[in-house]
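For reference, data-v6.txt is printed below; it contains compact mmCIF, C-alpha atoms.
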# COMPACT_ATOMS: atom_id res chain seq x y z
CA MET A 492 -277.39 -27.20 75.10
CA ALA A 493 -277.45 -25.84 78.65
CA VAL A 494 -279.60 -28.74 79.88
CA ALA A 495 -277.21 -31.31 78.36
CA LEU A 496 -274.26 -29.59 80.05
CA VAL A 497 -276.04 -29.62 83.42
CA LEU A 498 -276.71 -33.36 83.10
CA VAL A 499 -273.04 -34.06 82.34
CA LEU A 500 -271.98 -31.95 85.33
CA VAL A 501 -274.35 -33.93 87.58
CA VAL A 502 -272.57 -37.17 86.62
CA VAL A 503 -269.09 -35.70 86.97
CA GLY A 504 -269.97 -34.09 90.31
CA SER A 505 -271.44 -37.36 91.67
CA VAL A 506 -268.33 -39.35 90.73
CA MET A 507 -265.97 -36.75 92.18
CA PHE A 508 -268.00 -36.52 95.39
CA HIS A 509 -267.70 -40.28 95.83
CA LEU A 510 -263.96 -40.36 95.18
CA LEU A 511 -263.12 -37.33 97.34
CA SER A 512 -265.75 -37.67 100.06
CA PRO A 513 -264.41 -37.73 103.65
CA TRP A 514 -267.43 -39.79 104.77
CA TRP A 515 -267.17 -43.54 104.62
CA TRP A 516 -267.98 -46.57 106.74
CA THR A 517 -266.63 -47.09 110.21
CA PRO A 518 -263.68 -49.55 110.32
CA ILE A 519 -265.09 -53.07 110.37
CA ALA A 520 -264.60 -55.11 113.57
CA SER A 521 -266.29 -58.39 112.69
CA ASN A 522 -266.26 -61.21 110.15
CA TRP A 523 -268.87 -59.52 107.95
CA GLY A 524 -266.59 -58.11 105.29
CA TYR A 525 -268.92 -60.01 102.93
CA ILE A 526 -271.58 -57.40 103.64
CA ASP A 527 -269.19 -54.56 102.78
CA ASN A 528 -268.25 -56.31 99.51
CA THR A 529 -271.91 -56.80 98.60
CA ILE A 530 -272.69 -53.14 99.23
CA ILE A 531 -269.71 -52.08 97.11
CA ILE A 532 -270.86 -54.33 94.23
CA THR A 533 -274.37 -52.88 94.49
CA PHE A 534 -273.00 -49.36 94.60
CA TRP A 535 -270.89 -49.75 91.47
CA ILE A 536 -273.66 -51.43 89.47
CA THR A 537 -276.22 -48.76 90.35
CA GLY A 538 -273.59 -46.03 89.91
CA VAL A 539 -272.68 -47.19 86.41
CA VAL A 540 -276.37 -47.43 85.45
CA PHE A 541 -277.02 -43.96 86.89
CA ALA A 542 -274.12 -42.45 84.92
CA ALA A 543 -275.11 -44.26 81.71
CA VAL A 544 -278.76 -43.18 81.89
CA VAL A 545 -277.98 -39.53 82.68
CA LEU A 546 -275.27 -39.30 80.00
CA PHE A 547 -277.64 -40.90 77.50
CA MET A 548 -280.24 -38.28 78.41
CA ALA A 549 -277.63 -35.55 77.87
CA TYR A 550 -276.76 -37.05 74.47
CA CYS A 551 -280.42 -37.19 73.43
CA VAL A 552 -281.07 -33.62 74.55
CA PHE A 553 -278.08 -32.41 72.52
CA ARG A 554 -278.42 -34.71 69.48
CA PHE A 555 -282.14 -34.31 68.99
CA ARG A 556 -282.48 -30.67 69.96
CA HIS A 557 -284.95 -28.55 68.02
CA ARG A 558 -283.82 -27.46 64.59
CA GLU A 559 -285.75 -25.71 61.89
CA GLY A 560 -287.01 -28.17 59.27
CA ASN A 561 -286.34 -31.33 61.31
CA ARG A 562 -289.23 -33.72 61.97
CA ALA A 563 -289.39 -36.45 64.60
CA ALA A 564 -289.67 -40.04 63.36
CA TYR A 565 -292.41 -42.03 65.10
CA GLU A 566 -291.27 -45.58 65.88
CA PRO A 567 -293.71 -47.32 68.28
CA GLU A 568 -291.84 -50.65 68.36
CA ASN A 569 -288.23 -51.72 68.13
CA LYS A 570 -287.89 -55.41 68.95
CA ARG A 571 -284.10 -55.37 68.74
CA LEU A 572 -283.82 -52.52 71.23
CA GLU A 573 -286.39 -54.12 73.54
CA SER A 574 -284.48 -57.42 73.50
CA TRP A 575 -281.21 -55.72 74.40
CA LEU A 576 -282.85 -53.75 77.18
CA THR A 577 -284.43 -56.92 78.59
CA ILE A 578 -281.12 -58.81 78.55
CA VAL A 579 -279.09 -55.97 80.07
CA THR A 580 -281.71 -55.38 82.76
CA ALA A 581 -281.84 -59.09 83.66
CA VAL A 582 -278.05 -59.26 83.93
CA GLY A 583 -277.99 -56.16 86.12
CA VAL A 584 -280.70 -57.40 88.47
CA THR A 585 -279.01 -60.81 88.74
CA ALA A 586 -275.69 -59.14 89.57
CA LEU A 587 -277.46 -57.20 92.32
CA LEU A 588 -279.28 -60.17 93.85
CA VAL A 589 -276.82 -63.09 93.68
CA PRO A 590 -274.11 -61.68 96.00
CA GLY A 591 -276.79 -60.80 98.56
CA LEU A 592 -278.21 -64.33 98.47
CA PHE A 593 -274.79 -65.83 99.22
CA VAL A 594 -274.27 -63.42 102.12
CA TRP A 595 -277.78 -64.07 103.46
CA SER A 596 -277.10 -67.81 103.43
CA ARG A 597 -274.04 -67.21 105.63
CA PHE A 598 -275.98 -64.76 107.77
CA VAL A 599 -278.74 -67.16 108.81
CA ASN A 600 -276.58 -70.27 109.24
CA VAL A 601 -275.07 -69.92 112.70
CA PRO A 602 -271.87 -71.85 113.54
CA SER A 603 -272.43 -74.75 115.93
CA ASP A 604 -269.89 -73.37 118.41
CA ALA A 605 -271.53 -69.94 118.69
CA THR A 606 -272.41 -68.71 122.19
CA GLU A 607 -275.95 -67.39 122.66
CA VAL A 608 -276.49 -63.92 124.08
CA GLU A 609 -279.96 -62.49 124.58
CA VAL A 610 -280.56 -58.81 123.83
CA VAL A 611 -283.68 -57.22 125.29
CA GLY A 612 -284.81 -53.83 124.00
CA GLN A 613 -287.29 -51.58 125.71
CA GLN A 614 -288.05 -47.89 125.76
CA TRP A 615 -285.31 -46.73 125.98
CA GLN A 616 -282.50 -49.00 127.12
CA TRP A 617 -280.66 -52.21 126.33
CA SER A 618 -280.38 -55.21 128.65
CA PHE A 619 -278.61 -58.52 128.13
CA ARG A 620 -278.63 -62.11 129.34
CA LEU A 621 -275.76 -64.57 128.99
CA PRO A 622 -275.67 -68.31 129.74
CA GLY A 623 -274.18 -69.37 133.06
CA LYS A 624 -271.98 -72.35 133.86
CA ASP A 625 -274.36 -74.81 132.21
CA GLY A 626 -273.92 -73.00 128.89
CA LYS A 627 -277.67 -72.78 128.32
CA LEU A 628 -280.05 -69.85 128.44
CA GLY A 629 -283.25 -70.37 130.39
CA THR A 630 -286.59 -69.68 128.76
CA SER A 631 -288.22 -66.28 129.07
CA ASP A 632 -291.58 -64.70 128.48
CA THR A 633 -292.57 -61.06 128.19
CA ARG A 634 -295.58 -61.79 130.42
CA GLU A 635 -293.17 -62.62 133.24
CA VAL A 636 -291.58 -59.14 133.19
CA THR A 637 -291.82 -57.39 136.56
CA ALA A 638 -289.76 -54.88 138.51
CA ASP A 639 -287.90 -57.78 140.14
CA ASN A 640 -287.63 -59.75 136.90
CA PRO A 641 -287.01 -57.12 134.19
CA LEU A 642 -286.08 -59.64 131.48
CA GLY A 643 -288.99 -61.98 132.07
CA VAL A 644 -286.91 -65.06 132.87
CA ILE A 645 -289.14 -68.01 133.80
CA ALA A 646 -288.16 -68.84 137.37
CA SER A 647 -289.31 -72.46 137.14
CA ASP A 648 -286.77 -73.22 134.40
CA PRO A 649 -283.61 -74.59 136.08
CA ASN A 650 -281.49 -73.57 133.09
CA GLY A 651 -282.21 -69.91 133.84
CA GLN A 652 -281.08 -69.83 137.45
CA ASP A 653 -277.40 -69.36 136.60
CA ASP A 654 -278.00 -66.99 133.68
CA ILE A 655 -276.01 -63.75 133.86
CA VAL A 656 -278.34 -60.74 133.87
CA VAL A 657 -276.98 -57.39 132.70
CA GLU A 658 -279.68 -54.74 133.06
CA ALA A 659 -279.14 -51.36 131.38
CA ALA A 660 -275.35 -51.76 131.47
CA ASP A 661 -272.45 -52.55 129.12
CA LEU A 662 -272.24 -55.88 127.32
CA HIS A 663 -268.86 -57.61 127.15
CA LEU A 664 -267.93 -60.19 124.52
CA PRO A 665 -264.74 -62.22 123.94
CA VAL A 666 -262.76 -61.47 120.80
CA GLY A 667 -262.49 -64.11 118.09
CA LYS A 668 -265.48 -66.22 119.17
CA PRO A 669 -268.79 -66.42 117.26
CA VAL A 670 -271.86 -65.07 119.05
CA LYS A 671 -275.52 -65.64 118.25
CA MET A 672 -277.56 -62.61 119.30
CA LEU A 673 -281.14 -63.50 120.28
CA LEU A 674 -283.24 -60.37 119.98
CA ARG A 675 -286.41 -59.65 121.99
CA SER A 676 -288.46 -56.52 122.48
CA ILE A 677 -290.64 -55.86 125.50
CA ASP A 678 -292.70 -53.02 124.06
CA VAL A 679 -292.27 -51.70 120.47
CA LEU A 680 -290.09 -52.30 117.43
CA HIS A 681 -286.37 -51.83 118.09
CA ASP A 682 -283.24 -52.68 116.08
CA PHE A 683 -279.93 -53.68 117.67
CA TYR A 684 -277.14 -52.17 115.58
CA VAL A 685 -273.40 -51.76 116.10
CA PRO A 686 -271.98 -50.08 112.96
CA GLU A 687 -268.56 -51.70 113.32
CA PHE A 688 -270.14 -55.18 113.38
CA ARG A 689 -272.26 -54.47 110.26
CA ALA A 690 -274.87 -57.08 111.24
CA LYS A 691 -278.23 -55.96 112.60
CA MET A 692 -281.81 -57.13 112.85
CA ASP A 693 -285.24 -55.80 113.83
CA MET A 694 -286.60 -56.75 117.25
CA ILE A 695 -290.30 -57.59 117.03
CA PRO A 696 -292.56 -57.79 120.11
CA GLY A 697 -293.75 -61.37 120.57
CA SER A 698 -290.98 -62.86 118.42
CA VAL A 699 -287.33 -63.81 118.81
CA THR A 700 -285.14 -62.77 115.88
CA TYR A 701 -281.41 -63.36 115.62
CA PHE A 702 -278.15 -62.75 113.82
CA TRP A 703 -274.59 -63.85 114.46
CA PHE A 704 -271.12 -62.42 114.10
CA THR A 705 -267.56 -62.93 115.30
CA PRO A 706 -265.85 -59.90 116.90
CA THR A 707 -262.40 -59.50 115.38
CA LYS A 708 -261.05 -56.48 117.26
CA THR A 709 -260.98 -55.55 120.93
CA GLY A 710 -262.38 -52.17 121.85
CA THR A 711 -265.47 -50.25 122.87
CA PHE A 712 -268.30 -49.93 120.36
CA GLN A 713 -271.53 -47.97 120.52
CA VAL A 714 -274.93 -49.66 120.23
CA LEU A 715 -277.61 -47.78 118.31
CA CYS A 716 -281.30 -48.41 117.83
CA ALA A 717 -281.89 -48.43 114.07
CA GLU A 718 -285.70 -48.41 114.35
CA LEU A 719 -287.76 -45.36 115.32
CA CYS A 720 -289.14 -46.43 118.71
CA GLY A 721 -290.63 -43.28 120.29
CA GLN A 722 -289.61 -39.89 121.58
CA GLY A 723 -286.59 -41.28 123.45
CA HIS A 724 -285.24 -43.05 120.36
CA PRO A 725 -282.20 -40.73 119.91
CA LEU A 726 -281.14 -41.46 123.50
CA MET A 727 -281.29 -45.24 123.19
CA HIS A 728 -277.56 -45.90 123.24
CA GLY A 729 -275.54 -48.73 124.70
CA VAL A 730 -272.01 -50.08 124.75
CA VAL A 731 -270.47 -53.37 123.64
CA MET A 732 -266.94 -53.99 124.85
CA VAL A 733 -264.93 -56.68 123.07
CA ASP A 734 -262.34 -58.07 125.50
CA THR A 735 -259.52 -60.52 125.48
CA GLN A 736 -260.52 -63.91 126.88
CA GLN A 737 -258.84 -63.13 130.22
CA ASP A 738 -260.60 -59.78 130.62
CA TYR A 739 -263.90 -61.29 129.57
CA VAL A 740 -263.69 -64.06 132.18
CA ALA A 741 -262.81 -61.48 134.85
CA TRP A 742 -265.83 -59.34 133.90
CA LEU A 743 -268.10 -62.38 133.82
CA GLY A 744 -267.08 -63.30 137.36
CA GLN A 745 -268.25 -59.91 138.63
CA GLN A 746 -271.80 -60.24 137.27
CA GLN A 747 -274.83 -61.50 139.15
CA THR A 748 -276.93 -64.45 138.14
CA PHE A 749 -280.71 -64.54 137.93
CA ALA A 750 -280.83 -66.68 141.09
CA GLN A 751 -278.79 -64.11 143.03
CA LEU A 752 -280.98 -61.26 141.84
CA SER A 753 -284.11 -63.19 142.81
CA VAL A 754 -283.10 -63.66 146.47
CA PRO A 755 -285.38 -61.54 148.72
CA GLN A 756 -283.47 -58.61 150.17
CA GLN A 757 -283.62 -58.04 153.91
CA THR A 758 -284.26 -54.46 154.95
CA GLY A 759 -283.38 -52.78 158.23
CA ALA A 760 -283.18 -49.42 159.97
CA ALA A 761 -279.88 -48.14 158.63
CA ASP A 762 -280.06 -44.97 160.62
CA ASN A 763 -280.62 -46.62 164.01
CA ALA A 764 -278.38 -45.34 166.73
CA PRO A 765 -275.77 -47.86 167.99
CA GLY A 766 -277.17 -50.22 170.58
CA LYS A 767 -280.77 -49.64 169.60
CA THR A 768 -282.85 -52.55 168.36
CA VAL A 769 -286.17 -52.22 166.63
CA ALA A 770 -288.42 -55.23 166.40
CA PRO A 771 -289.93 -56.00 162.99
CA GLY A 772 -293.23 -54.24 162.44
CA LYS A 773 -292.57 -51.69 165.18
CA THR A 774 -291.94 -47.99 164.76
CA MET A 775 -288.84 -46.17 165.82
CA ALA A 776 -289.24 -43.10 168.03
CA PRO A 777 -287.84 -39.88 166.62
CA ASP A 778 -284.41 -38.70 167.73
CA LYS A 779 -284.97 -36.02 170.38
CA THR A 780 -281.44 -34.66 170.23
CA ILE A 781 -281.93 -31.54 168.13
CA ALA A 782 -279.40 -28.75 167.72
CA PRO A 783 -280.44 -25.46 169.41
CA GLY A 784 -282.37 -23.05 167.25
CA LEU A 785 -283.35 -25.72 164.70
CA LYS A 786 -286.75 -27.24 164.29
CA ILE A 787 -286.64 -30.64 162.61
CA ALA A 788 -289.74 -32.66 161.92
CA ALA A 789 -289.15 -36.22 163.06
CA LYS A 790 -290.32 -38.85 160.65
CA LEU A 791 -291.49 -42.22 161.86
CA GLU A 792 -290.29 -45.08 159.73
CA THR A 793 -291.73 -48.53 159.73
CA VAL A 794 -289.11 -51.21 159.57
CA GLU A 795 -290.31 -54.04 157.41
CA SER A 796 -288.82 -57.46 157.09
CA ARG A 797 -289.55 -59.87 154.27
Kindly return the structure encoded in the file as structure tokens.
Amino acid sequence: MAVALVLVLVVVGSVMFHLLSPWWWTPIASNWGYIDNTIIITFWITGVVFAAVVLFMAYCVFRFRHREGNRAAYEPENKRLESWLTIVTAVGVTALLVPGLFVWSRFVNVPSDATEVEVVGQQWQWSFRLPGKDGKLGTSDTREVTADNPLGVIASDPNGQDDIVVEAADLHLPVGKPVKMLLRSIDVLHDFYVPEFRAKMDMIPGSVTYFWFTPTKTGTFQVLCAELCGQGHPLMHGVVMVDTQQDYVAWLGQQQTFAQLSVPQQTGAADNAPGKTVAPGKTMAPDKTIAPGLKIAAKLETVESR
């Protein structure tokens, strides 16, 4: 009797916890309400099955409890019961799978007017690449990654010269326009995930995966890595800001292209005294003007020019 009561309380407590729980999803900010609907359908199907199975167990424990003089009836086969169980199980599994197949079909078919944005994950930061004025992303290769080319853009590809490179900084997107996210990883498995957008996908070294979505609300949203990627995994955060079209264009105009970042930087002696000129490859004599009572070690610096 006590066991049957505990089983009933488990079902009642689970239902009440769901109805009264303060924890729920973040407000959706994309077109993927289909995913929310599919999860809700799955939840209710599995929830009803859970409640039915546990309540049936409670009934059996109570109805067939031990009583003096009662004997159990051995029934190895019951074709009618097996048929009903097979039909009900098939209907339940179909109800679980079909909505997901429809959503998956939408998920992998990207609209023709979607803008491509490349997301590059590495331990432990996010970087991004957006198409320039030509509207095309240049090709890239992980083998091309260097300190001066952190995203591995192939310099010989003319389509990549005007690409916008955003290294370890915030990504901005325009509201109301579909975006195809091309996902690459430089080192280990990562997963680009913004809870408000619902869509996410694993990033596999050596492959380019993708998903698409349409931002529907302006605001600032946190990027998480949904794949355990090393000891710095909890710190791998980023920011996606969804802007109005005007704000997005203004932000885009402030970013540097791959060609601009690839220009060799000229270096000089910033701390030269006015009027002094140091020829390339020469050394600058230490400043002999030292305040009384202080001993400062002069450091010779070689001025290099590229």
message: List as an MDAnalysis selection string the protein and nucleic acid residues near stretch 639-644 of chain A, meaning an atom at most 9 Å away when all atoms listed in the file are counted, but skip any in the same chain fewer than 2 places from it.
response: chainID A and resid 611 618:620 629:637 646:648 651:652 656 658 677 749 752:753
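Closest approach to A:Gln616 from the set A:Asp661, A:Val499, A:Gly538, A:Met507 is made by A:Asp661, with distances taken over all atoms listed in the file.
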- prompt: Could you list as a ChimeraX atom specification every residue that has an atom within 12 Å of (-271.8, -35.3, 85.3), using the file's coordinates and counting all atoms listed in the file?
  reply: /A:494-508,538-539,541-549
Dump as a PDB file, keeping the file's coordinate frame, selection limited to C-alpha atoms:
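Contents of result09.pdb, as written:
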ATOM      1  CA  VAL A 494    -279.600 -28.740  79.880  1.00  0.00           C
ATOM      2  CA  ALA A 495    -277.210 -31.310  78.360  1.00  0.00           C
ATOM      3  CA  LEU A 496    -274.260 -29.590  80.050  1.00  0.00           C
ATOM      4  CA  VAL A 497    -276.040 -29.620  83.420  1.00  0.00           C
ATOM      5  CA  LEU A 498    -276.710 -33.360  83.100  1.00  0.00           C
ATOM      6  CA  VAL A 499    -273.040 -34.060  82.340  1.00  0.00           C
ATOM      7  CA  LEU A 500    -271.980 -31.950  85.330  1.00  0.00           C
ATOM      8  CA  VAL A 501    -274.350 -33.930  87.580  1.00  0.00           C
ATOM      9  CA  VAL A 502    -272.570 -37.170  86.620  1.00  0.00           C
ATOM     10  CA  VAL A 503    -269.090 -35.700  86.970  1.00  0.00           C
ATOM     11  CA  GLY A 504    -269.970 -34.090  90.310  1.00  0.00           C
ATOM     12  CA  SER A 505    -271.440 -37.360  91.670  1.00  0.00           C
ATOM     13  CA  VAL A 506    -268.330 -39.350  90.730  1.00  0.00           C
ATOM     14  CA  MET A 507    -265.970 -36.750  92.180  1.00  0.00           C
ATOM     15  CA  PHE A 508    -268.000 -36.520  95.390  1.00  0.00           C
ATOM     16  CA  GLY A 538    -273.590 -46.030  89.910  1.00  0.00           C
ATOM     17  CA  VAL A 539    -272.680 -47.190  86.410  1.00  0.00           C
ATOM     18  CA  PHE A 541    -277.020 -43.960  86.890  1.00  0.00           C
ATOM     19  CA  ALA A 542    -274.120 -42.450  84.920  1.00  0.00           C
ATOM     20  CA  ALA A 543    -275.110 -44.260  81.710  1.00  0.00           C
ATOM     21  CA  VAL A 544    -278.760 -43.180  81.890  1.00  0.00           C
ATOM     22  CA  VAL A 545    -277.980 -39.530  82.680  1.00  0.00           C
ATOM     23  CA  LEU A 546    -275.270 -39.300  80.000  1.00  0.00           C
ATOM     24  CA  PHE A 547    -277.640 -40.900  77.500  1.00  0.00           C
ATOM     25  CA  MET A 548    -280.240 -38.280  78.410  1.00  0.00           C
ATOM     26  CA  ALA A 549    -277.630 -35.550  77.870  1.00  0.00           C
TER      27      ALA A 549
END
message: Which residues are near stretch 596-604 of chain A? Cut-off 12 Å, all atoms listed in the file, ignore same chain within fewer than 6 positions. Put them as JSON, numbers by chain.
response: {"A": [522, 523, 524, 525, 526, 589, 590, 626, 667, 668, 669, 670, 671, 672, 673, 689, 690, 691, 692, 700, 701, 702, 703, 704, 705]}
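Nearest-residue note for A:Thr711: choosing from A:Thr537, A:Asp527, A:Val733, A:Phe553, the minimum distance belongs to A:Val733, counting only C-alpha atoms.
Each of A:Leu719, A:Leu674, A:Leu511, A:Ile531 was compared to A:Ala586 using all atoms listed in the file, and A:Ile531 turns out to be the nearest.
The two atoms in question, atom CA of A:Pro696 and atom CA of A:Ala660, are spaced 21.5 Å apart.
Relative to atom CA of A:His663, atom CA of A:Glu607 is found at 12.9 Å.
Using all atoms listed in the file, the shortest contact distance between A:Thr748 and any of A:Lys624, A:Arg675, A:Arg562, A:Arg554 is found at A:Lys624.
When all atoms listed in the file are used to measure the gap to A:Ala659, the shortest distance among A:Ala717, A:Val731, A:Val679, A:Ile519 belongs to A:Val731.
Interatomic distance, atom CA of A:Val594 against atom CA of A:Gln713: 24.2 Å.
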message: Within 8 Å of (-270.7, -64.2, 128.1) (file coordinates; all atoms listed in the file), which protein or nucleic acid residues are there? I'd like them as a list of chain:residue names.
response: A:Thr606, A:Val608, A:Leu621, A:Pro622, A:Gly623, A:Ile655, A:His663, A:Leu664, A:Pro665, A:Tyr739, A:Leu743
